[in-house]
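Data from model.tsv: TSV, C-alpha atoms and all ligand atoms
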chain	number	residue	atom	x	y	z
A	15	MET	CA	-41.61	-5.50	13.35
A	16	THR	CA	-43.20	-7.74	16.00
A	17	LEU	CA	-43.74	-6.18	19.38
A	18	SER	CA	-42.36	-7.89	22.49
A	19	PRO	CA	-45.19	-9.65	24.36
A	20	LYS	CA	-46.98	-7.62	27.00
A	21	ILE	CA	-46.09	-9.30	30.30
A	22	TYR	CA	-47.89	-9.04	33.63
A	23	VAL	CA	-45.70	-9.81	36.66
A	24	ALA	CA	-48.00	-10.37	39.64
A	25	GLY	CA	-46.19	-9.65	42.93
A	26	HIS	CA	-43.51	-7.43	41.33
A	27	ARG	CA	-42.52	-5.88	44.66
A	28	GLY	CA	-41.83	-9.28	46.27
A	29	MET	CA	-38.44	-10.98	46.29
A	30	VAL	CA	-39.18	-13.28	43.33
A	31	GLY	CA	-41.43	-10.93	41.34
A	32	SER	CA	-38.89	-8.10	41.51
A	33	ALA	CA	-36.15	-10.50	40.35
A	34	ILE	CA	-38.34	-11.57	37.40
A	35	VAL	CA	-38.79	-7.91	36.39
A	36	ARG	CA	-34.99	-7.39	36.69
A	37	GLN	CA	-34.40	-10.47	34.57
A	38	LEU	CA	-36.85	-9.43	31.84
A	39	LEU	CA	-35.27	-5.97	31.66
A	40	ALA	CA	-31.76	-7.48	31.62
A	41	GLN	CA	-32.79	-9.67	28.69
A	42	GLY	CA	-33.85	-6.53	26.80
A	43	HIS	CA	-37.59	-6.71	27.34
A	44	PRO	CA	-38.92	-3.14	27.05
A	45	ALA	CA	-40.07	-1.69	30.38
A	46	GLU	CA	-43.26	-0.34	28.78
A	47	ARG	CA	-44.24	-3.93	27.85
A	48	ILE	CA	-44.19	-5.02	31.51
A	49	VAL	CA	-47.41	-4.48	33.46
A	50	THR	CA	-47.48	-4.35	37.24
A	51	ARG	CA	-49.85	-3.44	40.04
A	52	THR	CA	-49.06	-3.05	43.72
A	53	HIS	CA	-51.19	-4.87	46.29
A	54	SER	CA	-52.95	-1.61	47.17
A	55	GLU	CA	-53.69	-0.88	43.49
A	56	LEU	CA	-55.06	-4.38	42.83
A	57	ASP	CA	-56.03	-6.88	45.53
A	58	LEU	CA	-55.70	-10.20	43.76
A	59	THR	CA	-58.22	-11.84	46.11
A	60	ASP	CA	-60.89	-9.58	44.58
A	61	GLN	CA	-62.27	-11.47	41.57
A	62	ALA	CA	-64.13	-8.54	39.98
A	63	ALA	CA	-61.09	-6.26	40.25
A	64	VAL	CA	-58.82	-8.93	38.74
A	65	ARG	CA	-61.19	-9.50	35.83
A	66	ALA	CA	-61.41	-5.75	35.20
A	67	PHE	CA	-57.61	-5.48	35.29
A	68	PHE	CA	-57.16	-8.23	32.66
A	69	ALA	CA	-59.86	-6.69	30.45
A	70	GLU	CA	-58.11	-3.31	30.65
A	71	GLU	CA	-54.48	-4.41	30.22
A	72	ARG	CA	-54.84	-7.57	28.09
A	73	PRO	CA	-51.36	-9.00	28.80
A	74	GLU	CA	-50.05	-11.87	26.71
A	75	GLN	CA	-47.91	-13.58	29.36
A	76	VAL	CA	-48.35	-13.80	33.13
A	77	TYR	CA	-45.82	-14.60	35.86
A	78	LEU	CA	-47.77	-15.41	39.02
A	79	ALA	CA	-45.29	-14.51	41.77
A	80	ALA	CA	-47.84	-12.95	44.14
A	81	ALA	CA	-48.68	-15.04	47.18
A	82	LYS	CA	-49.19	-14.81	50.90
A	83	VAL	CA	-45.96	-16.29	52.23
A	84	GLY	CA	-44.50	-16.64	55.72
A	85	GLY	CA	-42.53	-18.78	58.14
A	86	ILE	CA	-43.70	-21.53	60.49
A	87	HIS	CA	-45.03	-19.09	63.09
A	88	ALA	CA	-47.15	-17.11	60.61
A	89	ASN	CA	-48.42	-20.28	58.90
A	90	ASN	CA	-49.42	-21.73	62.29
A	91	THR	CA	-51.03	-18.53	63.54
A	92	TYR	CA	-52.96	-17.53	60.39
A	93	PRO	CA	-53.79	-20.83	58.59
A	94	ALA	CA	-57.15	-19.53	57.34
A	95	GLU	CA	-55.53	-16.49	55.71
A	96	PHE	CA	-52.82	-18.64	54.12
A	97	ILE	CA	-55.20	-21.10	52.48
A	98	TYR	CA	-57.96	-18.63	51.59
A	99	GLN	CA	-55.82	-15.83	50.17
A	100	ASN	CA	-53.59	-18.12	48.13
A	101	LEU	CA	-56.53	-20.09	46.70
A	102	MET	CA	-58.32	-16.87	45.78
A	103	MET	CA	-55.30	-15.09	44.27
A	104	GLN	CA	-54.29	-17.94	42.02
A	105	ALA	CA	-57.86	-18.84	41.00
A	106	ASN	CA	-58.59	-15.22	40.14
A	107	VAL	CA	-55.36	-14.67	38.20
A	108	ILE	CA	-55.45	-17.99	36.32
A	109	ASP	CA	-59.14	-17.75	35.39
A	110	GLY	CA	-58.93	-13.99	34.74
A	111	ALA	CA	-55.99	-14.59	32.39
A	112	PHE	CA	-57.87	-17.38	30.60
A	113	ARG	CA	-60.97	-15.23	30.10
A	114	GLN	CA	-58.88	-12.59	28.32
A	115	GLY	CA	-57.17	-15.10	26.06
A	116	VAL	CA	-53.80	-15.30	27.84
A	117	GLN	CA	-52.06	-18.40	26.51
A	118	GLN	CA	-48.84	-18.33	28.54
A	119	LEU	CA	-48.73	-18.27	32.32
A	120	LEU	CA	-46.11	-19.39	34.85
A	121	PHE	CA	-47.20	-20.37	38.35
A	122	LEU	CA	-44.78	-20.56	41.27
A	123	GLY	CA	-45.06	-23.49	43.65
A	124	SER	CA	-42.61	-24.24	46.44
A	125	SER	CA	-40.48	-27.17	47.61
A	126	CYS	CA	-42.35	-27.12	50.93
A	127	ILE	CA	-45.45	-28.57	49.24
A	128	TYR	CA	-43.83	-31.98	48.78
A	129	PRO	CA	-44.70	-34.63	51.39
A	130	LYS	CA	-42.91	-34.27	54.72
A	131	LEU	CA	-41.12	-37.59	54.27
A	132	ALA	CA	-40.52	-37.42	50.50
A	133	PRO	CA	-37.45	-39.43	49.41
A	134	GLN	CA	-34.36	-37.23	48.93
A	135	PRO	CA	-33.52	-35.70	46.53
A	136	MET	CA	-37.20	-34.85	45.89
A	137	ARG	CA	-38.37	-35.61	42.38
A	138	GLU	CA	-41.42	-34.02	40.76
A	139	ASP	CA	-43.35	-37.29	41.06
A	140	ALA	CA	-43.12	-37.13	44.88
A	141	LEU	CA	-46.00	-34.62	44.82
A	142	LEU	CA	-49.21	-35.97	46.41
A	143	THR	CA	-47.58	-39.21	47.54
A	144	GLY	CA	-47.81	-38.67	51.32
A	145	PRO	CA	-48.85	-36.46	54.25
A	146	LEU	CA	-47.63	-32.85	54.26
A	147	GLU	CA	-45.77	-30.99	56.98
A	148	PRO	CA	-48.67	-30.09	59.34
A	149	THR	CA	-47.44	-26.55	60.07
A	150	ASN	CA	-47.78	-25.40	56.47
A	151	GLU	CA	-50.43	-27.82	55.21
A	152	PRO	CA	-53.02	-25.09	54.40
A	153	TYR	CA	-50.44	-23.13	52.36
A	154	ALA	CA	-49.23	-26.29	50.62
A	155	ILE	CA	-52.77	-27.41	49.74
A	156	ALA	CA	-53.43	-24.02	48.15
A	157	LYS	CA	-50.19	-24.20	46.16
A	158	ILE	CA	-50.92	-27.76	45.01
A	159	ALA	CA	-54.35	-26.51	43.87
A	160	GLY	CA	-52.56	-23.79	41.86
A	161	ILE	CA	-50.51	-26.40	39.99
A	162	LYS	CA	-53.67	-28.45	39.41
A	163	LEU	CA	-55.53	-25.35	38.17
A	164	CYS	CA	-52.83	-24.82	35.52
A	165	GLU	CA	-52.91	-28.47	34.49
A	166	SER	CA	-56.70	-28.56	34.34
A	167	TYR	CA	-56.93	-25.42	32.18
A	168	ASN	CA	-54.30	-26.94	29.86
A	169	ARG	CA	-56.22	-30.21	29.62
A	170	GLN	CA	-59.60	-28.58	29.01
A	171	TYR	CA	-58.55	-25.55	26.96
A	172	GLY	CA	-55.13	-26.46	25.52
A	173	GLN	CA	-56.44	-27.73	22.19
A	174	THR	CA	-59.33	-25.28	21.80
A	175	HIS	CA	-57.78	-22.06	23.14
A	176	GLY	CA	-54.01	-22.66	22.98
A	177	VAL	CA	-53.75	-22.46	26.78
A	178	ASP	CA	-50.24	-23.39	28.02
A	179	TYR	CA	-49.94	-22.76	31.77
A	180	ARG	CA	-46.75	-24.02	33.42
A	181	SER	CA	-45.49	-24.40	36.99
A	182	VAL	CA	-42.08	-24.22	38.60
A	183	MET	CA	-41.18	-25.47	42.05
A	184	PRO	CA	-38.36	-23.39	43.58
A	185	THR	CA	-36.11	-24.59	46.35
A	186	ASN	CA	-35.21	-22.17	49.22
A	187	LEU	CA	-34.43	-18.80	47.69
A	188	TYR	CA	-32.37	-15.85	48.96
A	189	GLY	CA	-31.12	-12.54	47.66
A	190	PRO	CA	-32.17	-8.90	47.27
A	191	GLY	CA	-35.67	-8.18	48.56
A	192	ASP	CA	-35.60	-11.01	51.12
A	193	ASN	CA	-37.48	-10.71	54.42
A	194	TYR	CA	-35.10	-9.79	57.28
A	195	HIS	CA	-37.70	-9.73	60.04
A	196	PRO	CA	-35.97	-10.67	63.33
A	197	GLU	CA	-38.49	-13.40	64.28
A	198	ASN	CA	-40.03	-14.39	60.99
A	199	SER	CA	-37.32	-14.86	58.39
A	200	HIS	CA	-35.70	-17.82	56.63
A	201	VAL	CA	-32.28	-19.09	57.66
A	202	ILE	CA	-30.10	-17.04	55.25
A	203	PRO	CA	-31.60	-13.58	55.94
A	204	ALA	CA	-31.78	-14.41	59.66
A	205	LEU	CA	-28.06	-15.29	59.76
A	206	ILE	CA	-27.04	-12.31	57.59
A	207	ARG	CA	-28.77	-10.07	60.08
A	208	ARG	CA	-27.32	-11.80	63.14
A	209	PHE	CA	-23.73	-11.85	61.81
A	210	HIS	CA	-24.01	-8.23	60.69
A	211	GLU	CA	-25.25	-7.16	64.12
A	212	ALA	CA	-22.51	-9.25	65.80
A	213	LYS	CA	-19.92	-7.56	63.58
A	214	ILE	CA	-20.99	-4.00	64.33
A	215	ASN	CA	-21.42	-4.76	68.07
A	216	HIS	CA	-18.02	-6.53	68.21
A	217	ALA	CA	-19.68	-9.67	69.66
A	218	THR	CA	-17.22	-12.50	70.20
A	219	SER	CA	-19.66	-15.32	69.47
A	220	VAL	CA	-22.86	-16.09	67.57
A	221	THR	CA	-24.88	-19.12	68.66
A	222	ILE	CA	-26.96	-21.06	66.14
A	223	TRP	CA	-29.75	-23.48	67.04
A	224	GLY	CA	-29.10	-27.21	66.53
A	225	THR	CA	-26.05	-29.26	65.64
A	226	GLY	CA	-25.31	-27.54	62.32
A	227	THR	CA	-25.43	-30.91	60.51
A	228	PRO	CA	-28.80	-30.71	58.67
A	229	MET	CA	-28.38	-30.19	54.93
A	230	ARG	CA	-30.30	-27.64	52.86
A	231	GLU	CA	-30.29	-26.35	49.30
A	232	PHE	CA	-30.35	-22.63	48.39
A	233	LEU	CA	-30.73	-20.80	45.10
A	234	TYR	CA	-29.99	-17.14	44.43
A	235	VAL	CA	-33.23	-15.40	43.46
A	236	ASP	CA	-31.88	-13.96	40.18
A	237	ASP	CA	-31.09	-17.52	39.09
A	238	MET	CA	-34.67	-18.45	39.98
A	239	ALA	CA	-35.93	-15.57	37.85
A	240	ALA	CA	-33.72	-16.66	34.94
A	241	ALA	CA	-35.06	-20.21	35.26
A	242	SER	CA	-38.64	-18.87	35.31
A	243	VAL	CA	-38.12	-16.92	32.06
A	244	HIS	CA	-36.42	-19.95	30.52
A	245	VAL	CA	-39.34	-22.26	31.39
A	246	MET	CA	-41.93	-19.71	30.24
A	247	ASN	CA	-40.25	-19.40	26.84
A	248	LEU	CA	-39.52	-23.07	26.16
A	249	PRO	CA	-41.16	-24.32	22.98
A	250	GLN	CA	-44.40	-26.12	23.82
A	251	ALA	CA	-43.14	-29.40	22.35
A	252	THR	CA	-40.03	-29.29	24.59
A	253	TYR	CA	-42.08	-28.59	27.71
A	254	ALA	CA	-44.50	-31.39	26.80
A	255	GLN	CA	-41.63	-33.78	26.17
A	256	HIS	CA	-40.21	-33.26	29.67
A	257	THR	CA	-43.47	-33.13	31.65
A	258	GLN	CA	-46.80	-34.95	31.79
A	259	PRO	CA	-50.27	-33.40	31.59
A	260	MET	CA	-50.97	-34.27	35.25
A	261	LEU	CA	-47.38	-34.01	36.49
A	262	SER	CA	-46.35	-30.80	34.83
A	263	HIS	CA	-44.25	-28.84	37.34
A	264	ILE	CA	-40.49	-28.43	37.09
A	265	ASN	CA	-38.21	-28.33	40.14
A	266	VAL	CA	-35.86	-25.35	40.26
A	267	GLY	CA	-32.83	-25.95	42.46
A	268	CYS	CA	-29.06	-25.68	42.24
A	269	GLY	CA	-28.67	-29.43	42.76
A	270	GLU	CA	-26.27	-29.16	45.70
A	271	ASP	CA	-26.90	-28.87	49.41
A	272	VAL	CA	-24.72	-27.62	52.25
A	273	THR	CA	-24.76	-28.23	56.00
A	274	ILE	CA	-26.06	-25.42	58.19
A	275	LYS	CA	-22.53	-25.21	59.61
A	276	GLU	CA	-21.02	-24.68	56.13
A	277	LEU	CA	-23.74	-22.15	55.39
A	278	ALA	CA	-23.08	-20.24	58.63
A	279	LEU	CA	-19.37	-20.09	57.85
A	280	ALA	CA	-20.03	-18.84	54.30
A	281	ILE	CA	-22.40	-16.14	55.59
A	282	SER	CA	-19.97	-15.03	58.30
A	283	GLN	CA	-17.30	-14.65	55.58
A	284	ALA	CA	-19.65	-12.71	53.26
A	285	VAL	CA	-20.52	-10.38	56.17
A	286	GLY	CA	-16.95	-10.09	57.44
A	287	TYR	CA	-17.74	-11.36	60.94
A	288	GLU	CA	-14.60	-12.80	62.53
A	289	GLY	CA	-15.87	-14.08	65.90
A	290	GLU	CA	-16.74	-17.60	66.99
A	291	ILE	CA	-19.72	-19.59	65.68
A	292	ALA	CA	-21.24	-21.85	68.34
A	293	PHE	CA	-24.03	-24.44	68.05
A	294	ASP	CA	-26.66	-24.98	70.73
A	295	THR	CA	-27.10	-28.74	70.38
A	296	THR	CA	-29.95	-28.80	72.93
A	297	LYS	CA	-32.17	-27.15	70.29
A	298	PRO	CA	-33.99	-29.17	67.59
A	299	ASP	CA	-32.46	-29.75	64.16
A	300	GLY	CA	-35.48	-30.31	61.91
A	301	THR	CA	-35.38	-32.59	58.87
A	302	PRO	CA	-31.85	-33.97	58.26
A	303	ARG	CA	-31.88	-33.24	54.53
A	304	LYS	CA	-33.97	-31.30	51.99
A	305	LEU	CA	-32.79	-31.29	48.40
A	306	MET	CA	-34.66	-31.07	45.11
A	307	ASP	CA	-33.92	-33.31	42.17
A	308	SER	CA	-33.46	-30.79	39.35
A	309	THR	CA	-32.80	-33.33	36.58
A	310	ARG	CA	-35.84	-32.15	34.61
A	311	LEU	CA	-34.59	-28.58	34.65
A	312	ARG	CA	-31.09	-29.59	33.55
A	313	SER	CA	-32.55	-31.68	30.73
A	314	ILE	CA	-34.38	-28.64	29.35
A	315	GLY	CA	-31.10	-26.75	29.18
A	316	TRP	CA	-30.93	-24.55	32.27
A	317	THR	CA	-28.21	-24.37	34.94
A	318	PRO	CA	-27.69	-21.82	37.73
A	319	LYS	CA	-24.96	-19.20	37.37
A	320	VAL	CA	-24.51	-17.71	40.84
A	321	ASN	CA	-22.65	-19.85	43.39
A	322	LEU	CA	-23.40	-19.63	47.10
A	323	GLN	CA	-20.41	-17.43	48.01
A	324	GLU	CA	-21.16	-14.91	45.28
A	325	GLY	CA	-24.91	-14.98	46.00
A	326	LEU	CA	-24.30	-14.34	49.70
A	327	ARG	CA	-22.02	-11.39	48.91
A	328	GLN	CA	-24.73	-9.89	46.68
A	329	ALA	CA	-27.43	-10.54	49.27
A	330	TYR	CA	-25.35	-8.87	51.99
A	331	ARG	CA	-24.68	-5.87	49.74
A	332	ALA	CA	-28.43	-5.51	49.13
A	333	TYR	CA	-29.12	-5.88	52.88
A	334	ILE	CA	-26.64	-3.13	53.81
A	335	SER	CA	-27.90	-0.74	51.15
A	336	ALA	CA	-31.49	-1.16	52.39
A	337	LEU	CA	-30.58	-0.38	56.05
B	1	LIG	N1	-38.86	-16.99	49.14
B	1	LIG	C1	-38.61	-18.28	48.96
B	1	LIG	O1	-37.64	-18.84	49.49
B	1	LIG	C2	-39.51	-19.08	48.07
B	1	LIG	C3	-39.21	-20.43	47.91
B	1	LIG	C4	-40.03	-21.19	47.14
B	1	LIG	C5	-41.12	-20.63	46.52
B	1	LIG	N2	-41.40	-19.31	46.66
B	1	LIG	C6	-42.59	-18.82	46.00
B	1	LIG	O2	-42.35	-17.66	45.26
B	1	LIG	C7	-43.53	-16.82	45.28
B	1	LIG	C8	-43.14	-15.41	45.68
B	1	LIG	O3	-42.50	-15.47	46.94
B	1	LIG	P1	-41.65	-14.24	47.50
B	1	LIG	O4	-40.63	-14.83	48.39
B	1	LIG	O5	-41.26	-13.34	46.41
B	1	LIG	O6	-42.76	-13.56	48.41
B	1	LIG	P2	-42.90	-12.01	48.84
B	1	LIG	O7	-41.56	-11.36	48.81
B	1	LIG	O8	-43.70	-11.98	50.09
B	1	LIG	O9	-43.77	-11.40	47.65
B	1	LIG	C9	-45.12	-11.72	47.48
B	1	LIG	C10	-45.79	-10.57	46.77
B	1	LIG	O10	-47.19	-10.84	46.60
B	1	LIG	C11	-47.92	-9.68	46.92
B	1	LIG	N3	-49.27	-10.01	47.40
B	1	LIG	C12	-49.61	-10.75	48.47
B	1	LIG	N4	-50.94	-10.78	48.62
B	1	LIG	C13	-51.47	-10.04	47.60
B	1	LIG	C14	-52.78	-9.69	47.22
B	1	LIG	N5	-53.87	-10.12	47.89
B	1	LIG	N6	-52.95	-8.90	46.14
B	1	LIG	C15	-51.87	-8.45	45.44
B	1	LIG	N7	-50.60	-8.75	45.75
B	1	LIG	C16	-50.40	-9.53	46.83
B	1	LIG	C17	-47.11	-9.02	48.01
B	1	LIG	O11	-47.46	-7.65	48.12
B	1	LIG	P3	-47.54	-6.99	49.60
B	1	LIG	O12	-46.21	-7.29	50.23
B	1	LIG	O13	-47.79	-5.56	49.30
B	1	LIG	O14	-48.69	-7.68	50.29
B	1	LIG	C18	-45.70	-9.24	47.53
B	1	LIG	O15	-45.28	-8.24	46.65
B	1	LIG	C19	-44.51	-17.48	46.22
B	1	LIG	O16	-45.44	-18.20	45.46
B	1	LIG	C20	-43.66	-18.44	47.01
B	1	LIG	O17	-44.36	-19.59	47.39
B	1	LIG	C21	-40.62	-18.52	47.43

structure tokens encoding of this file:
Amino acid sequence: MTLSPKIYVAGHRGMVGSAIVRQLLAQGHPAERIVTRTHSELDLTDQAAVRAFFAEERPEQVYLAAAKVGGIHANNTYPAEFIYQNLMMQANVIDGAFRQGVQQLLFLGSSCIYPKLAPQPMREDALLTGPLEPTNEPYAIAKIAGIKLCESYNRQYGQTHGVDYRSVMPTNLYGPGDNYHPENSHVIPALIRRFHEAKINHATSVTIWGTGTPMREFLYVDDMAAASVHVMNLPQATYAQHTQPMLSHINVGCGEDVTIKELALAISQAVGYEGEIAFDTTKPDGTPRKLMDSTRLRSIGWTPKVNLQEGLRQAYRAYISAL
């Protein structure tokens, strides 16, 4: 009998890492073949500690879902921490994995590392074609370096050591484990919180910044986790057929975007808020449209399962149960 591979999920207490663990367990992967460490048990910016961890545990697959992440305010306030910590974490994990003979690793990028003015929908080949959004440039540069680390290890050690390190580029994610901080959260958790508070306080109106017309794409985090496991386990020939050695990442989106107004309405329904939704059109809108081109992902046989309404209901349920 062959044992299931020993899998290390880095960042298993984060929104994406915890969804990857849930997904692996749901697919029947034995819990004792999943290795995790909390941040306080293993600081991934510490190279010696990371090397010692790999030597001790010797995993066979690695999902790299640990990162320092944050909104515009945090990225603008702590740019040194964002670039330094992300560069260190990914360099330590990728090189530490390589030194212990790990052949399969999945790195998580982000749609925000594409150029600010990338043509929509954003294809994989838009990477490195133009200036980045200045507010998160340090974070994006670190993430781009992570993708290039994977590609470079493949190119140098693919033939000799069987190294096969892959990258996925998720769109905006939401779901259980999201960050609901009042000032520093993404649009879906921020609106879930605001509509929930409006509901319990019997507020008659909730005002949202901007015109409500910008369009955004959202993917439920368990779908992202399923896509990650799918990409990790693709036969090497299939992955190679759909990527290039120096353009190897795969966009992970649902392929459809909604206006902020449609999103707000869907969230209010998931929460059960029945008051008015107003838009403060004196406030800025941001980019008119942000959508990933997920053709590559579709062509390797993966499609999302959870639609926005269902995902929002699940996210709200998780939010309430964590209160
Ligand atoms: N959320 C999204 O919408 C989204 C969209 C696109 C891409 N992604 C990507 O998905 C990945 C995971 O994001 P997420 O939303 O799951 O973030 P998250 O919820 O903040 O989780 C990140 C995890 O990394 C851990 N971590 C951070 N610094 C560490 C360190 N020095 N040593 C060890 N562990 C450390 C954190 O632990 P502590 O909390 O204990 O520090 C946390 O468990 C990131 O690469 C992100 O770019 C996310």

Produce a table with one row for each residue of chain A that has an atom at most 9 Å from any atom of ligand LIG 1 (chain B), each row naming the nearest atom pair and its distance in Å at one decimal; use only C-alpha atoms and all ligand atoms; arrange rows by chain and rising residue number; format as JSON lines.
{"residue": "A:Ala24", "atom": "CA", "partner": "B:LIG1", "partner_atom": "N7", "distance": 6.8}
{"residue": "A:Gly25", "atom": "CA", "partner": "B:LIG1", "partner_atom": "C10", "distance": 4.0}
{"residue": "A:His26", "atom": "CA", "partner": "B:LIG1", "partner_atom": "O15", "distance": 5.7}
{"residue": "A:Arg27", "atom": "CA", "partner": "B:LIG1", "partner_atom": "O15", "distance": 4.1}
{"residue": "A:Gly28", "atom": "CA", "partner": "B:LIG1", "partner_atom": "O9", "distance": 3.2}
{"residue": "A:Met29", "atom": "CA", "partner": "B:LIG1", "partner_atom": "O5", "distance": 3.7}
{"residue": "A:Val30", "atom": "CA", "partner": "B:LIG1", "partner_atom": "O5", "distance": 3.7}
{"residue": "A:Gly31", "atom": "CA", "partner": "B:LIG1", "partner_atom": "O5", "distance": 5.6}
{"residue": "A:Ser32", "atom": "CA", "partner": "B:LIG1", "partner_atom": "O5", "distance": 7.6}
{"residue": "A:Ala33", "atom": "CA", "partner": "B:LIG1", "partner_atom": "O5", "distance": 8.4}
{"residue": "A:Arg51", "atom": "CA", "partner": "B:LIG1", "partner_atom": "C15", "distance": 7.6}
{"residue": "A:Thr52", "atom": "CA", "partner": "B:LIG1", "partner_atom": "N7", "distance": 6.2}
{"residue": "A:His53", "atom": "CA", "partner": "B:LIG1", "partner_atom": "C15", "distance": 3.7}
{"residue": "A:Ser54", "atom": "CA", "partner": "B:LIG1", "partner_atom": "O13", "distance": 6.8}
{"residue": "A:Glu55", "atom": "CA", "partner": "B:LIG1", "partner_atom": "C15", "distance": 8.0}
{"residue": "A:Leu56", "atom": "CA", "partner": "B:LIG1", "partner_atom": "C15", "distance": 5.8}
{"residue": "A:Asp57", "atom": "CA", "partner": "B:LIG1", "partner_atom": "N6", "distance": 3.7}
{"residue": "A:Leu58", "atom": "CA", "partner": "B:LIG1", "partner_atom": "N6", "distance": 3.9}
{"residue": "A:Thr59", "atom": "CA", "partner": "B:LIG1", "partner_atom": "N5", "distance": 5.0}
{"residue": "A:Asp60", "atom": "CA", "partner": "B:LIG1", "partner_atom": "N5", "distance": 7.8}
{"residue": "A:Leu78", "atom": "CA", "partner": "B:LIG1", "partner_atom": "O16", "distance": 7.4}
{"residue": "A:Ala79", "atom": "CA", "partner": "B:LIG1", "partner_atom": "C8", "distance": 4.6}
{"residue": "A:Ala80", "atom": "CA", "partner": "B:LIG1", "partner_atom": "O10", "distance": 3.3}
{"residue": "A:Ala81", "atom": "CA", "partner": "B:LIG1", "partner_atom": "O10", "distance": 4.5}
{"residue": "A:Lys82", "atom": "CA", "partner": "B:LIG1", "partner_atom": "C12", "distance": 4.8}
{"residue": "A:Val83", "atom": "CA", "partner": "B:LIG1", "partner_atom": "O8", "distance": 5.3}
{"residue": "A:Gly84", "atom": "CA", "partner": "B:LIG1", "partner_atom": "O8", "distance": 7.4}
{"residue": "A:Gln99", "atom": "CA", "partner": "B:LIG1", "partner_atom": "N5", "distance": 6.5}
{"residue": "A:Asn100", "atom": "CA", "partner": "B:LIG1", "partner_atom": "N4", "distance": 7.8}
{"residue": "A:Met102", "atom": "CA", "partner": "B:LIG1", "partner_atom": "N5", "distance": 8.4}
{"residue": "A:Met103", "atom": "CA", "partner": "B:LIG1", "partner_atom": "N5", "distance": 6.3}
{"residue": "A:Phe121", "atom": "CA", "partner": "B:LIG1", "partner_atom": "O16", "distance": 7.6}
{"residue": "A:Leu122", "atom": "CA", "partner": "B:LIG1", "partner_atom": "O16", "distance": 4.9}
{"residue": "A:Gly123", "atom": "CA", "partner": "B:LIG1", "partner_atom": "O17", "distance": 5.4}
{"residue": "A:Ser124", "atom": "CA", "partner": "B:LIG1", "partner_atom": "C5", "distance": 3.9}
{"residue": "A:Ser125", "atom": "CA", "partner": "B:LIG1", "partner_atom": "C4", "distance": 6.0}
{"residue": "A:Cys126", "atom": "CA", "partner": "B:LIG1", "partner_atom": "C4", "distance": 7.4}
{"residue": "A:Tyr153", "atom": "CA", "partner": "B:LIG1", "partner_atom": "O17", "distance": 8.6}
{"residue": "A:Ala154", "atom": "CA", "partner": "B:LIG1", "partner_atom": "O17", "distance": 8.9}
{"residue": "A:Lys157", "atom": "CA", "partner": "B:LIG1", "partner_atom": "O17", "distance": 7.5}
{"residue": "A:Val182", "atom": "CA", "partner": "B:LIG1", "partner_atom": "C5", "distance": 8.7}
{"residue": "A:Met183", "atom": "CA", "partner": "B:LIG1", "partner_atom": "C5", "distance": 6.6}
{"residue": "A:Pro184", "atom": "CA", "partner": "B:LIG1", "partner_atom": "C4", "distance": 4.5}
{"residue": "A:Thr185", "atom": "CA", "partner": "B:LIG1", "partner_atom": "C4", "distance": 5.2}
{"residue": "A:Asn186", "atom": "CA", "partner": "B:LIG1", "partner_atom": "O1", "distance": 4.1}
{"residue": "A:Leu187", "atom": "CA", "partner": "B:LIG1", "partner_atom": "O1", "distance": 3.7}
{"residue": "A:Tyr188", "atom": "CA", "partner": "B:LIG1", "partner_atom": "O1", "distance": 6.1}
{"residue": "A:Gly191", "atom": "CA", "partner": "B:LIG1", "partner_atom": "O7", "distance": 6.7}
{"residue": "A:Asp192", "atom": "CA", "partner": "B:LIG1", "partner_atom": "O7", "distance": 6.4}
{"residue": "A:Asn193", "atom": "CA", "partner": "B:LIG1", "partner_atom": "O7", "distance": 7.0}
{"residue": "A:His200", "atom": "CA", "partner": "B:LIG1", "partner_atom": "O1", "distance": 7.5}
{"residue": "A:Phe232", "atom": "CA", "partner": "B:LIG1", "partner_atom": "O1", "distance": 8.3}
{"residue": "A:Leu233", "atom": "CA", "partner": "B:LIG1", "partner_atom": "O1", "distance": 8.4}
{"residue": "A:Val235", "atom": "CA", "partner": "B:LIG1", "partner_atom": "N1", "distance": 8.2}

If you count all atoms listed in the file, which residues fall within 10 Å of Met260 (chain A), apart from same-chain ones fewer than 4 positions away, as number ranges by chain?
A: 161-162, 164-166, 168-169

Report the distance between CA of Trp316 (chain A) and CA of Val76 (chain A) in Å, rounded to one decimal place.
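Computing the Euclidean distance for CA of Trp316 (chain A) and CA of Val76 (chain A) yields 20.5 Å.
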
List the spatial neighbours of region 328-335 of chain A as a PyMOL selection string - criterion: any atom at most 10 Å away, all atoms listed in the file, same-chain residues fewer than 4 positions off excluded.
chain A and resi 188-194+202-203+206-207+210+234-235+281+284-285+320+322-324

Neighbours of point (-20.3, -13.0, 59.3) within 12 Å, using all atoms listed in the file, written as a ChimeraX atom specification
/A:202-214,216-220,277-291,326-327,330

Counting only C-alpha atoms, what is within 12 Å of Ala254 (chain A), bar same-chain residues fewer than 2 positions away, as a list in words?
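So the residues in contact are Glu165, Asn168, Gly172, Asp178, Tyr179, Arg180, Val245, Leu248, Pro249, Gln250, Ala251, Thr252, His256, Thr257, Gln258, Pro259, Met260, Leu261, Ser262, His263, Ile264, Arg310 and Ile314 of chain A.
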
Shell of 10 Å around Asp139 (chain A), all atoms listed in the file, local chain residues under 2 positions omitted, as a ChimeraX atom specification:
/A:128,132,136-137,141-143,261-263

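The space separating CA of Thr317 (chain A) from CA of Val243 (chain A) comes to 12.7 Å.
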
Which residue, A:Gln37, A:Asp299, A:Gln117, A:Ala63, has the smallest gap to Gln173 (chain A) when you use all atoms listed in the file?
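Counting all atoms listed in the file, the residue closest to Gln173 (chain A) is A:Gln117.
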
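Of the listed residues (A:Asn89, A:Arg72, A:Gln114, A:Ala159), A:Ala159 comes nearest to Leu101 (chain A); the distances count only C-alpha atoms.
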